[in-house]
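K.L.:
data.cif (mmCIF, N, CA and C atoms) pasted underneath:
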data_coords
loop_
_atom_site.group_PDB
_atom_site.id
_atom_site.type_symbol
_atom_site.label_atom_id
_atom_site.label_comp_id
_atom_site.auth_asym_id
_atom_site.auth_seq_id
_atom_site.Cartn_x
_atom_site.Cartn_y
_atom_site.Cartn_z
ATOM 1 N N MET A 1 184.184 -49.521 202.584
ATOM 2 C CA MET A 1 183.906 -48.468 201.631
ATOM 3 C C MET A 1 182.822 -47.561 202.207
ATOM 4 N N LYS A 2 183.063 -46.257 202.143
ATOM 5 C CA LYS A 2 182.085 -45.285 202.622
ATOM 6 C C LYS A 2 181.380 -44.653 201.430
ATOM 7 N N ILE A 3 180.052 -44.649 201.504
ATOM 8 C CA ILE A 3 179.226 -44.045 200.460
ATOM 9 C C ILE A 3 178.456 -42.895 201.082
ATOM 10 N N GLY A 4 178.519 -41.737 200.451
ATOM 11 C CA GLY A 4 177.801 -40.562 200.935
ATOM 12 C C GLY A 4 176.624 -40.246 200.037
ATOM 13 N N LEU A 5 175.484 -39.976 200.646
ATOM 14 C CA LEU A 5 174.291 -39.562 199.902
ATOM 15 C C LEU A 5 174.095 -38.072 200.133
ATOM 16 N N ALA A 6 174.196 -37.302 199.075
ATOM 17 C CA ALA A 6 174.105 -35.846 199.171
ATOM 18 C C ALA A 6 172.690 -35.399 198.852
ATOM 19 N N GLN A 7 171.932 -35.045 199.866
ATOM 20 C CA GLN A 7 170.571 -34.536 199.667
ATOM 21 C C GLN A 7 170.637 -33.021 199.663
ATOM 22 N N ILE A 8 170.684 -32.456 198.471
ATOM 23 C CA ILE A 8 170.717 -31.000 198.356
ATOM 24 C C ILE A 8 169.378 -30.525 197.804
ATOM 25 N N ASN A 9 169.126 -29.242 197.928
ATOM 26 C CA ASN A 9 167.892 -28.657 197.418
ATOM 27 C C ASN A 9 168.257 -27.650 196.324
ATOM 28 N N PRO A 10 168.485 -28.141 195.100
ATOM 29 C CA PRO A 10 168.907 -27.235 194.030
ATOM 30 C C PRO A 10 167.766 -26.338 193.564
ATOM 31 N N LYS A 11 168.154 -25.157 193.061
ATOM 32 C CA LYS A 11 167.181 -24.214 192.496
ATOM 33 C C LYS A 11 167.156 -24.412 190.985
ATOM 34 N N VAL A 12 165.981 -24.482 190.424
ATOM 35 C CA VAL A 12 165.841 -24.702 188.983
ATOM 36 C C VAL A 12 166.536 -23.576 188.213
ATOM 37 N N GLY A 13 167.500 -23.983 187.378
ATOM 38 C CA GLY A 13 168.175 -23.044 186.491
ATOM 39 C C GLY A 13 169.267 -22.198 187.112
ATOM 40 N N ASP A 14 169.534 -22.339 188.401
ATOM 41 C CA ASP A 14 170.550 -21.520 189.078
ATOM 42 C C ASP A 14 171.851 -22.317 189.191
ATOM 43 N N PHE A 15 172.622 -22.321 188.115
ATOM 44 C CA PHE A 15 173.827 -23.143 188.053
ATOM 45 C C PHE A 15 174.860 -22.762 189.103
ATOM 46 N N ASP A 16 175.048 -21.461 189.327
ATOM 47 C CA ASP A 16 176.054 -21.033 190.305
ATOM 48 C C ASP A 16 175.705 -21.511 191.707
ATOM 49 N N SER A 17 174.468 -21.312 192.106
ATOM 50 C CA SER A 17 174.027 -21.739 193.438
ATOM 51 C C SER A 17 174.102 -23.259 193.570
ATOM 52 N N ASN A 18 173.646 -23.960 192.553
ATOM 53 C CA ASN A 18 173.655 -25.427 192.599
ATOM 54 C C ASN A 18 175.082 -25.970 192.631
ATOM 55 N N LYS A 19 175.971 -25.344 191.877
ATOM 56 C CA LYS A 19 177.380 -25.755 191.889
ATOM 57 C C LYS A 19 177.955 -25.596 193.294
ATOM 58 N N GLN A 20 177.667 -24.466 193.937
ATOM 59 C CA GLN A 20 178.175 -24.241 195.294
ATOM 60 C C GLN A 20 177.608 -25.264 196.273
ATOM 61 N N LYS A 21 176.334 -25.602 196.129
ATOM 62 C CA LYS A 21 175.719 -26.615 197.005
ATOM 63 C C LYS A 21 176.372 -27.979 196.798
ATOM 64 N N ILE A 22 176.661 -28.309 195.560
ATOM 65 C CA ILE A 22 177.297 -29.590 195.243
ATOM 66 C C ILE A 22 178.705 -29.634 195.831
ATOM 67 N N LEU A 23 179.468 -28.562 195.637
ATOM 68 C CA LEU A 23 180.834 -28.522 196.169
ATOM 69 C C LEU A 23 180.840 -28.537 197.694
ATOM 70 N N HIS A 24 179.874 -27.856 198.302
ATOM 71 C CA HIS A 24 179.759 -27.867 199.769
ATOM 72 C C HIS A 24 179.453 -29.284 200.259
ATOM 73 N N ALA A 25 178.553 -29.965 199.578
ATOM 74 C CA ALA A 25 178.213 -31.343 199.960
ATOM 75 C C ALA A 25 179.431 -32.256 199.817
ATOM 76 N N LEU A 26 180.205 -32.068 198.755
ATOM 77 C CA LEU A 26 181.414 -32.881 198.574
ATOM 78 C C LEU A 26 182.405 -32.642 199.706
ATOM 79 N N ASP A 27 182.500 -31.398 200.138
ATOM 80 C CA ASP A 27 183.394 -31.085 201.256
ATOM 81 C C ASP A 27 182.905 -31.738 202.545
ATOM 82 N N GLU A 28 181.594 -31.682 202.775
ATOM 83 C CA GLU A 28 181.025 -32.303 203.981
ATOM 84 C C GLU A 28 181.186 -33.823 203.961
ATOM 85 N N LEU A 29 181.178 -34.397 202.770
ATOM 86 C CA LEU A 29 181.272 -35.852 202.620
ATOM 87 C C LEU A 29 182.669 -36.282 202.169
ATOM 88 N N LYS A 30 183.679 -35.531 202.552
ATOM 89 C CA LYS A 30 185.040 -35.793 202.064
ATOM 90 C C LYS A 30 185.597 -37.142 202.483
ATOM 91 N N GLU A 31 185.007 -37.759 203.505
ATOM 92 C CA GLU A 31 185.463 -39.085 203.938
ATOM 93 C C GLU A 31 184.869 -40.205 203.081
ATOM 94 N N ALA A 32 183.851 -39.875 202.293
ATOM 95 C CA ALA A 32 183.188 -40.888 201.457
ATOM 96 C C ALA A 32 184.002 -41.144 200.186
ATOM 97 N N GLU A 33 184.079 -42.398 199.804
ATOM 98 C CA GLU A 33 184.770 -42.769 198.566
ATOM 99 C C GLU A 33 183.867 -42.563 197.351
ATOM 100 N N ILE A 34 182.563 -42.736 197.569
ATOM 101 C CA ILE A 34 181.566 -42.524 196.518
ATOM 102 C C ILE A 34 180.518 -41.567 197.069
ATOM 103 N N VAL A 35 180.185 -40.542 196.283
ATOM 104 C CA VAL A 35 179.145 -39.596 196.682
ATOM 105 C C VAL A 35 178.077 -39.603 195.593
ATOM 106 N N VAL A 36 176.831 -39.790 196.008
ATOM 107 C CA VAL A 36 175.711 -39.882 195.077
ATOM 108 C C VAL A 36 174.779 -38.691 195.291
ATOM 109 N N PHE A 37 174.471 -38.003 194.195
ATOM 110 C CA PHE A 37 173.547 -36.873 194.209
ATOM 111 C C PHE A 37 172.235 -37.290 193.543
ATOM 112 N N PRO A 38 171.150 -36.563 193.810
ATOM 113 C CA PRO A 38 169.864 -36.896 193.191
ATOM 114 C C PRO A 38 169.813 -36.545 191.697
ATOM 115 N N GLU A 39 168.771 -37.035 191.052
ATOM 116 C CA GLU A 39 168.600 -36.727 189.634
ATOM 117 C C GLU A 39 168.418 -35.224 189.455
ATOM 118 N N LEU A 40 168.991 -34.723 188.380
ATOM 119 C CA LEU A 40 168.947 -33.310 188.009
ATOM 120 C C LEU A 40 169.417 -32.383 189.131
ATOM 121 N N ALA A 41 170.356 -32.859 189.937
ATOM 122 C CA ALA A 41 170.900 -32.035 191.021
ATOM 123 C C ALA A 41 171.574 -30.780 190.472
ATOM 124 N N LEU A 42 172.123 -30.867 189.285
ATOM 125 C CA LEU A 42 172.833 -29.732 188.710
ATOM 126 C C LEU A 42 171.894 -28.621 188.254
ATOM 127 N N THR A 43 170.745 -28.989 187.716
ATOM 128 C CA THR A 43 169.829 -27.995 187.133
ATOM 129 C C THR A 43 168.627 -27.693 188.006
ATOM 130 N N GLY A 44 168.370 -28.524 188.989
ATOM 131 C CA GLY A 44 167.119 -28.414 189.740
ATOM 132 C C GLY A 44 166.064 -29.248 189.042
ATOM 133 N N TYR A 45 165.084 -29.674 189.806
ATOM 134 C CA TYR A 45 164.039 -30.552 189.269
ATOM 135 C C TYR A 45 162.716 -29.806 189.318
ATOM 136 N N LEU A 46 162.101 -29.705 188.321
ATOM 137 C CA LEU A 46 162.147 -30.130 186.941
ATOM 138 C C LEU A 46 162.293 -28.885 186.077
ATOM 139 N N PRO A 47 163.316 -28.812 185.244
ATOM 140 C CA PRO A 47 163.562 -27.608 184.468
ATOM 141 C C PRO A 47 162.606 -27.374 183.296
ATOM 142 N N GLU A 48 161.764 -28.337 182.984
ATOM 143 C CA GLU A 48 160.718 -28.239 181.960
ATOM 144 C C GLU A 48 161.185 -27.569 180.675
ATOM 145 N N ASP A 49 160.614 -26.407 180.316
ATOM 146 C CA ASP A 49 160.906 -25.760 179.032
ATOM 147 C C ASP A 49 162.363 -25.326 178.893
ATOM 148 N N LEU A 50 163.053 -25.129 180.004
ATOM 149 C CA LEU A 50 164.467 -24.756 179.929
ATOM 150 C C LEU A 50 165.286 -25.824 179.198
ATOM 151 N N LEU A 51 164.818 -27.061 179.247
ATOM 152 C CA LEU A 51 165.537 -28.154 178.588
ATOM 153 C C LEU A 51 165.568 -28.012 177.065
ATOM 154 N N PHE A 52 164.706 -27.160 176.526
ATOM 155 C CA PHE A 52 164.673 -26.948 175.078
ATOM 156 C C PHE A 52 165.562 -25.782 174.649
ATOM 157 N N SER A 53 166.203 -25.139 175.615
ATOM 158 C CA SER A 53 167.099 -24.021 175.330
ATOM 159 C C SER A 53 168.528 -24.532 175.143
ATOM 160 N N ARG A 54 169.105 -24.237 173.988
ATOM 161 C CA ARG A 54 170.477 -24.656 173.718
ATOM 162 C C ARG A 54 171.450 -24.043 174.725
ATOM 163 N N ASP A 55 171.231 -22.770 175.073
ATOM 164 C CA ASP A 55 172.105 -22.098 176.040
ATOM 165 C C ASP A 55 172.048 -22.774 177.404
ATOM 166 N N PHE A 56 170.848 -23.167 177.822
ATOM 167 C CA PHE A 56 170.674 -23.837 179.115
ATOM 168 C C PHE A 56 171.447 -25.156 179.140
ATOM 169 N N LEU A 57 171.328 -25.928 178.082
ATOM 170 C CA LEU A 57 172.020 -27.218 178.017
ATOM 171 C C LEU A 57 173.536 -27.040 177.934
ATOM 172 N N GLN A 58 173.984 -26.018 177.219
ATOM 173 C CA GLN A 58 175.421 -25.751 177.149
ATOM 174 C C GLN A 58 175.963 -25.334 178.513
ATOM 175 N N GLN A 59 175.213 -24.493 179.220
ATOM 176 C CA GLN A 59 175.656 -24.073 180.546
ATOM 177 C C GLN A 59 175.667 -25.257 181.509
ATOM 178 N N SER A 60 174.696 -26.142 181.361
ATOM 179 C CA SER A 60 174.657 -27.339 182.190
ATOM 180 C C SER A 60 175.916 -28.177 181.977
ATOM 181 N N GLN A 61 176.291 -28.405 180.727
ATOM 182 C CA GLN A 61 177.484 -29.201 180.426
ATOM 183 C C GLN A 61 178.762 -28.504 180.891
ATOM 184 N N GLN A 62 178.815 -27.197 180.719
ATOM 185 C CA GLN A 62 179.988 -26.443 181.161
ATOM 186 C C GLN A 62 180.144 -26.531 182.680
ATOM 187 N N THR A 63 179.046 -26.353 183.405
ATOM 188 C CA THR A 63 179.089 -26.420 184.867
ATOM 189 C C THR A 63 179.436 -27.831 185.324
ATOM 190 N N LEU A 64 178.909 -28.827 184.643
ATOM 191 C CA LEU A 64 179.239 -30.216 184.963
ATOM 192 C C LEU A 64 180.747 -30.457 184.825
ATOM 193 N N CYS A 65 181.343 -29.950 183.763
ATOM 194 C CA CYS A 65 182.792 -30.098 183.560
ATOM 195 C C CYS A 65 183.582 -29.355 184.631
ATOM 196 N N GLU A 66 183.112 -28.173 185.024
ATOM 197 C CA GLU A 66 183.777 -27.411 186.089
ATOM 198 C C GLU A 66 183.751 -28.187 187.401
ATOM 199 N N ILE A 67 182.610 -28.770 187.714
ATOM 200 C CA ILE A 67 182.484 -29.559 188.945
ATOM 201 C C ILE A 67 183.391 -30.780 188.872
ATOM 202 N N ALA A 68 183.388 -31.450 187.728
ATOM 203 C CA ALA A 68 184.229 -32.647 187.571
ATOM 204 C C ALA A 68 185.688 -32.318 187.856
ATOM 205 N N TRP A 69 186.148 -31.193 187.365
ATOM 206 C CA TRP A 69 187.528 -30.781 187.560
ATOM 207 C C TRP A 69 187.846 -30.566 189.045
ATOM 208 N N LEU A 70 186.832 -30.177 189.831
ATOM 209 C CA LEU A 70 187.027 -29.861 191.248
ATOM 210 C C LEU A 70 186.776 -31.036 192.191
ATOM 211 N N VAL A 71 186.296 -32.143 191.656
ATOM 212 C CA VAL A 71 186.044 -33.315 192.506
ATOM 213 C C VAL A 71 187.385 -33.843 193.015
ATOM 214 N N PRO A 72 187.491 -34.064 194.321
ATOM 215 C CA PRO A 72 188.740 -34.603 194.865
ATOM 216 C C PRO A 72 189.112 -35.925 194.191
ATOM 217 N N ARG A 73 190.385 -36.127 193.994
ATOM 218 C CA ARG A 73 190.888 -37.309 193.284
ATOM 219 C C ARG A 73 190.550 -38.618 193.987
ATOM 220 N N ASN A 74 190.272 -38.546 195.280
ATOM 221 C CA ASN A 74 189.976 -39.768 196.036
ATOM 222 C C ASN A 74 188.480 -40.077 196.081
ATOM 223 N N GLN A 75 187.664 -39.325 195.335
ATOM 224 C CA GLN A 75 186.217 -39.557 195.336
ATOM 225 C C GLN A 75 185.705 -39.898 193.944
ATOM 226 N N VAL A 76 184.677 -40.717 193.947
ATOM 227 C CA VAL A 76 183.887 -40.979 192.751
ATOM 228 C C VAL A 76 182.537 -40.327 193.012
ATOM 229 N N VAL A 77 182.032 -39.595 192.028
ATOM 230 C CA VAL A 77 180.776 -38.866 192.197
ATOM 231 C C VAL A 77 179.794 -39.287 191.116
ATOM 232 N N ILE A 78 178.552 -39.472 191.530
ATOM 233 C CA ILE A 78 177.451 -39.710 190.597
ATOM 234 C C ILE A 78 176.536 -38.499 190.719
ATOM 235 N N LEU A 79 176.390 -37.773 189.617
ATOM 236 C CA LEU A 79 175.687 -36.490 189.633
ATOM 237 C C LEU A 79 174.651 -36.436 188.519
ATOM 238 N N GLY A 80 173.429 -36.059 188.858
ATOM 239 C CA GLY A 80 172.350 -35.991 187.887
ATOM 240 C C GLY A 80 172.302 -34.676 187.137
ATOM 241 N N ALA A 81 172.173 -34.774 185.794
ATOM 242 C CA ALA A 81 172.093 -33.596 184.932
ATOM 243 C C ALA A 81 171.499 -34.008 183.589
ATOM 244 N N PRO A 82 170.950 -33.038 182.845
ATOM 245 C CA PRO A 82 170.433 -33.378 181.518
ATOM 246 C C PRO A 82 171.576 -33.640 180.539
ATOM 247 N N GLU A 83 171.273 -34.439 179.534
ATOM 248 C CA GLU A 83 172.262 -34.761 178.504
ATOM 249 C C GLU A 83 171.545 -34.792 177.157
ATOM 250 N N LYS A 84 172.155 -34.167 176.169
ATOM 251 C CA LYS A 84 171.559 -34.158 174.835
ATOM 252 C C LYS A 84 172.522 -34.789 173.845
ATOM 253 N N GLU A 85 171.969 -35.653 173.011
ATOM 254 C CA GLU A 85 172.736 -36.232 171.912
ATOM 255 C C GLU A 85 171.865 -36.159 170.670
ATOM 256 N N GLY A 86 172.316 -35.388 169.695
ATOM 257 C CA GLY A 86 171.495 -35.170 168.512
ATOM 258 C C GLY A 86 170.221 -34.446 168.908
ATOM 259 N N THR A 87 169.090 -35.052 168.578
ATOM 260 C CA THR A 87 167.808 -34.449 168.960
ATOM 261 C C THR A 87 167.228 -35.091 170.217
ATOM 262 N N ASP A 88 167.924 -36.081 170.754
ATOM 263 C CA ASP A 88 167.431 -36.793 171.937
ATOM 264 C C ASP A 88 167.926 -36.132 173.217
ATOM 265 N N LEU A 89 167.034 -36.053 174.202
ATOM 266 C CA LEU A 89 167.333 -35.444 175.492
ATOM 267 C C LEU A 89 167.153 -36.491 176.577
ATOM 268 N N TYR A 90 168.112 -36.552 177.500
ATOM 269 C CA TYR A 90 168.091 -37.573 178.546
ATOM 270 C C TYR A 90 168.243 -36.949 179.927
ATOM 271 N N ASN A 91 167.642 -37.603 180.899
ATOM 272 C CA ASN A 91 167.856 -37.325 182.312
ATOM 273 C C ASN A 91 168.937 -38.318 182.726
ATOM 274 N N SER A 92 170.175 -37.845 182.854
ATOM 275 C CA SER A 92 171.317 -38.748 183.014
ATOM 276 C C SER A 92 171.961 -38.660 184.386
ATOM 277 N N ALA A 93 172.622 -39.738 184.738
ATOM 278 C CA ALA A 93 173.489 -39.777 185.916
ATOM 279 C C ALA A 93 174.913 -39.876 185.388
ATOM 280 N N PHE A 94 175.735 -38.881 185.709
ATOM 281 C CA PHE A 94 177.116 -38.838 185.235
ATOM 282 C C PHE A 94 178.046 -39.402 186.291
ATOM 283 N N LEU A 95 179.017 -40.181 185.844
ATOM 284 C CA LEU A 95 180.036 -40.741 186.720
ATOM 285 C C LEU A 95 181.304 -39.909 186.559
ATOM 286 N N ILE A 96 181.751 -39.344 187.681
ATOM 287 C CA ILE A 96 182.940 -38.494 187.691
ATOM 288 C C ILE A 96 184.010 -39.189 188.521
ATOM 289 N N ASN A 97 185.204 -39.282 187.943
ATOM 290 C CA ASN A 97 186.318 -39.926 188.645
ATOM 291 C C ASN A 97 187.620 -39.309 188.143
ATOM 292 N N GLY A 98 188.530 -39.023 189.058
ATOM 293 C CA GLY A 98 189.830 -38.494 188.661
ATOM 294 C C GLY A 98 189.762 -37.154 187.966
ATOM 295 N N GLY A 99 188.764 -36.331 188.309
ATOM 296 C CA GLY A 99 188.657 -35.007 187.722
ATOM 297 C C GLY A 99 188.030 -34.965 186.345
ATOM 298 N N GLU A 100 187.459 -36.077 185.902
ATOM 299 C CA GLU A 100 186.823 -36.073 184.586
ATOM 300 C C GLU A 100 185.548 -36.909 184.579
ATOM 301 N N ILE A 101 184.709 -36.627 183.604
ATOM 302 C CA ILE A 101 183.475 -37.384 183.418
ATOM 303 C C ILE A 101 183.848 -38.650 182.658
ATOM 304 N N VAL A 102 183.621 -39.795 183.284
ATOM 305 C CA VAL A 102 184.048 -41.054 182.664
ATOM 306 C C VAL A 102 182.884 -41.869 182.104
ATOM 307 N N GLY A 103 181.653 -41.426 182.356
ATOM 308 C CA GLY A 103 180.514 -42.152 181.813
ATOM 309 C C GLY A 103 179.207 -41.522 182.228
ATOM 310 N N SER A 104 178.140 -42.026 181.630
ATOM 311 C CA SER A 104 176.798 -41.578 182.010
ATOM 312 C C SER A 104 175.812 -42.715 181.791
ATOM 313 N N HIS A 105 174.742 -42.653 182.556
ATOM 314 C CA HIS A 105 173.640 -43.596 182.388
ATOM 315 C C HIS A 105 172.400 -42.768 182.102
ATOM 316 N N ARG A 106 171.745 -43.082 181.009
ATOM 317 C CA ARG A 106 170.580 -42.308 180.567
ATOM 318 C C ARG A 106 169.289 -42.948 181.028
ATOM 319 N N LYS A 107 168.393 -42.123 181.500
ATOM 320 C CA LYS A 107 167.082 -42.582 181.960
ATOM 321 C C LYS A 107 166.068 -42.352 180.866
#
Could you write out this structure as structure tokens?
P.N.:
Amino acid sequence: MKIGLAQINPKVGDFDSNKQKILHALDELKEAEIVVFPELALTGYLPEDLLFSRDFLQQSQQTLCEIAWLVPRNQVVILGAPEKEGTDLYNSAFLINGGEIVGSHRK
């Protein structure tokens, strides 16, 4: 089993740039069966007050779904992004498989 560690340098709040970096890393690691990204790779670390913006969190989830759809079917991806449930906010690791988000682990 090949595991790829994707060390990217995401920009805080720049979803388009971060998405491109993530997709580029997936392409570079196309031989890996599992690709692991750092925490908050989608939003950049640390988004601080942006995490309290509903629009920011919605864009984060939308971009996460777009990336999930583009993940090659032969890869499993673990990608860090914020997650909100009710009034609770989490720094989560999302598990992507088969083009969909199949789970998350909250920190």
K.L.:
Going by the chain IDs and residue numbers used in this file, which residues fall under the PyMOL selection byres ((chain A and resi 33) around 5)? Write them as a count of residues only.
P.N.:
8
K.L.:
Which residue gives the smallest distance to A:Gly80 among A:Leu40, A:Ile8, A:Leu50, A:Met1, with all atoms listed in the file counted?
P.N.:
A:Leu40
K.L.:
Residue by residue, what does the PyMOL selection byres ((chain A and resi 13) around 7) grab here? Present the result as a list in words.
P.N.:
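After applying the PyMOL selection byres ((chain A and resi 13) around 7), what remains is Pro10, Lys11, Val12, Asp14, Phe15, Asp16, Leu42, Thr43, Gly44, Tyr45 and Pro47 of chain A.
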K.L.:
Have a look at A:Arg106, A:Leu29, A:Leu23, A:Ser17 and name the one nearest to A:Gly4; count all atoms listed in the file.
P.N.:
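Using all atoms listed in the file, A:Gly4 sits closest to A:Leu29.
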K.L.:
Can you tell me which residues surround stretch 58-74 of chain A at a distance of at most 6.5 Å, considering only N, CA and C atoms, apart from same-chain residues fewer than 6 positions away, and format the answer as JSON, numbers by chain?
P.N.:
{"A": [32, 33, 96, 97, 98, 99, 100, 101]}
K.L.:
Write out as a ChimeraX atom specification all residues of stretch 26-72 of chain A that backbone DSSP assigns to helix (DSSP H, G or I).
P.N.:
/A:26-28,48-52,54-70
K.L.:
Nearest residue to A:Val36 out of A:Gln20, A:Gln7, A:Asn91, A:Ser104, using only N, CA and C atoms?
P.N.:
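Closest residue, counting only N, CA and C atoms: A:Gln7.
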K.L.:
Between atom N of A:Glu39 and atom CA of A:Ala93, what is the distance, to one decimal in Å?
P.N.:
7.5 Å
K.L.:
Counting only C-alpha atoms, which residue out of A:Phe37, A:Leu26, A:Asp49, A:Asp55 sits closest to A:Ser92?
P.N.:
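Closest residue, counting only C-alpha atoms: A:Phe37.
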K.L.:
Please, what distance in Å, to one decimal, runs between atom C of A:Leu57 and atom N of A:Glu85?
P.N.:
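Answer for the atom C of A:Leu57 to atom N of A:Glu85 separation: 10.0 Å.
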K.L.:
Report as a count of residues only: the residues of stretch 8-105 of chain A with a DSSP assignment of strand (DSSP E), based on the backbone of this structure.
P.N.:
29
K.L.:
Could you check the closest approach to A:Val77 for each of A:Asn18, A:Glu48, A:Leu95, A:Leu5 and tell me which residue wins, using only N, CA and C atoms?
P.N.:
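Between A:Asn18, A:Glu48, A:Leu95, A:Leu5, the residue approaching A:Val77 most closely is A:Leu95.
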K.L.:
So the first atom is atom N of A:Ile22 and the second is atom N of A:Asp88; what is the distance between them in Å, to one decimal place?
P.N.:
27.4 Å
K.L.:
Return the padded bounding box of stretch 3-21 of chain A as lines of an AutoDock Vina configuration file: axis-aligned, built from all atoms listed in the file, 5 Å added on each side, with centre and edge lengths in Å to one decimal.
P.N.:
center_x = 172.9
center_y = -32.8
center_z = 194.0
size_x = 24.2
size_y = 33.6
size_z = 25.0
